[in-house]
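Remarks on the structure that follows.
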Amino acid sequence: MAEDERQIRAAAETLLTGSLNSQRSSYTQQSITRTPDIILSEDLIAGAMQNGRMSNVRRFFCLFVTFDILLTFLMWLICTMIAGESLESAFMNQVVHYHIKTSLFDIVMAAICRFTVLLLFYALLRLDHWVIVALTTATTCAFLIAKVFLFDWSTCSQPVFQVLLILTSFVLPWVEAWFFDIRVLPQETHARNWLRHFANSEREPLLRGVTSETRQYTSIEPPTGTFFTPMDSPDHSDHEDESSRRPGSARANEAFGSKPLPRLTPEMVEDYKRKANVLVQNCHDLLLSTDWQIESILSNGDIIFYMHHPKIDGKIFKIVGLVEAPASVLADQLFNDIESLPTWNKLVVESKKLLHIDEDTDIIYQATGPQGGGTISARDFVILRHRTQYGNYYISSGTSVPFPVQHRNKYVRAENNISCWAAEELLGQANSCRFTWIINTNLKGWIPQKLVDKSMSAALVDFISYVRNYVDEMQKTFA
């Protein structure tokens with residue numbers, strides 16, 4: 001019986017392996033053009049409800065309704081004081097002995113009723129319809145128009161403030177109705193539809209409940225193939241400007257205006273090297289960690305993982321997949337050719353090397369441009385990078401560091417807490433490697449964490465597909 005079970009298991013694994021390889025083959029031929037909405041517009045952020053809390057735009061509406069009642073009451077007090085009445089006398093004459101011809105306190109009561117109804121339906125009940133604010137506005141306006149005809153204006157020696165009180169009470173409800181209908185409802189609907197569309201368009205995992213990363217790859221045999229030789233060095237590269245290779249020299253000044261970047265002291269350079277060494281060790285620890293949990297398994301065999309780390313805010317994401325390139329060649333190509341990254345990686349629009357520290361350490365500047373028809377705002381990063389080899393891993397690590405690069409108006413400066421590209425050699429497969437990208441990013445600004453997490457998952461999938469396309473193009477170039 002045990003022998004039969006082993007034969008059935010072996011047959012099932014063989015079928016699964018063939019299915020994954022065939023799906024991966026068709027997947028790598030597709031052109032992926034979707035860019036994930038990692039960075040969201042301010043309107044989309046304002047309309048989003050995070051963890052069931054009120055959206056920013058609705059909260060502003062409720063604050064404005066509160067401002068309405070406070071302003072109305074304040075203007076009634078001013079009218080009372082100017083008329084020469086004490087507060088006690090005004091309370092007796094206009095509240096206790098109320099009459100519509102002589103009292104203005106009914107305007108305050110209208111504001112109180114409007115405040116109560118609007119907060120009840122739009123703050124507590126979270127109603128998503130304009131009917132209530134339309135009714136309160138129409139009722140208030142009808143009352144104020146009647147008040148103008150019924151009020152005894154002859155009792156007011158200087159009715160300027162009384163007129164302002166009525167006009168203000170007439171205008172504020174219309175502003176509330178306009179803001180709720182033109183701003184609150186469209187922004188919340190847009191955010192809700194975007195989230196629903198984003199969730200529905202996410203790639204569904206092929207397999208679930210897998211307990212081990214190692215087990216997944218034991219059944220995946222990479223296709224055979226060859227890889228290209230490294231690109232030739234440019235002419236006269238042996239005579240390049242020594243200042244660009246000396247530790248502490250700044251580059252790419254033209255990207256940030258005519259003012260040159262300041263030179264770093266030897267102490268600062270050593271501090272960057274120390275941070276780089278610690279960063280690589282942290283990345284290696286993450287690569288070997290057993291705390292990763294499976295987020296999803298894609299149809300081409302790539303696996304997305306996530307984990308929470310006590311020293312890092314937010315989720316850390318990882319994607320692992322096979323790439324048809326020698327590990328050392330791929331790692332060196334990605335590190336050395338960083339300035340051409342925007343030509344093949346659609347997630348990045350600008351990538352420049354700012355500071356050469358040594359052959360394996362530098363500081364770069366990267367930027368992501370607005371996408372999605374203007375619904376995505378731009379972010380930029382200043383990143384310290386370092387590469388090294390740990391056993392079978394060729395690691396290129398990165399993290400954001402303070403650096404004297406001026407902020408550019410069209411970008412928001414974000415932070416990569418940790419980033420790692422790792423190419424792992426596979427036994428007996430010289431022309432293939434297991435590629436891993438680990439990332440944890442703080443985009444700055446108020447962005448719902450659920451949207452950030454889904455966007456990062458999509459970015460992982462797109463990036464590894466861009467890497468494969470990049471490899472394929474290099475193979476064609478040097479075939």
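Residue numbers start at 1 in each chain; chains themselves are named A, B, ... in the order of the structure tokens; ligands are numbered from 1 in the order shown.
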
Would you kindly return, as a list in words, each protein, DNA or RNA residue with an atom no farther than 6 Å from any atom of region 337-349 of chain A, considering only C-alpha atoms and excluding same-chain residues fewer than 4 positions away?
->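 Counting only C-alpha atoms, the residues come to Gln333, Ala367, Thr368, Gly369 and Tyr466 of chain A.
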
Just list the residues in region 251-421 of chain A DSSP gives strand (DSSP E or B) on the backbone, as a count of residues only.
-> 72

Using only C-alpha atoms, which residue out of A:Thr116, A:Thr436, A:Asn277, A:Thr361 lies closest to Leu330 (chain A)?
->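 Distance minimum relative to Leu330 (chain A) lands on A:Thr436.
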
Please provide as a list in words all residues within 12 Å of Val117 (chain A), with the sequence filter that same-chain residues fewer than 2 positions apart are discarded (counting only C-alpha atoms).
-> Cys62, Val65, Thr66, Ala110, Ala111, Ile112, Cys113, Arg114, Phe115, Leu119, Leu120, Phe121, Tyr122, Ala123, Leu124, Leu125, Leu127, Val131, Ile132, Val133, Ala134, Leu135, Thr136 and Thr137 of chain A

Taking only C-alpha atoms into account, which of A:Phe143, A:Ala83, A:Ala177, A:Pro402 comes nearest Ser157 (chain A)?
->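 Of A:Phe143, A:Ala83, A:Ala177, A:Pro402, the one nearest Ser157 (chain A) is A:Ala83, counting only C-alpha atoms.
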
Of A:Phe381, A:Phe463, A:Phe403, A:Tyr393, the one nearest to Cys433 (chain A) when counting only C-alpha atoms is A:Tyr393
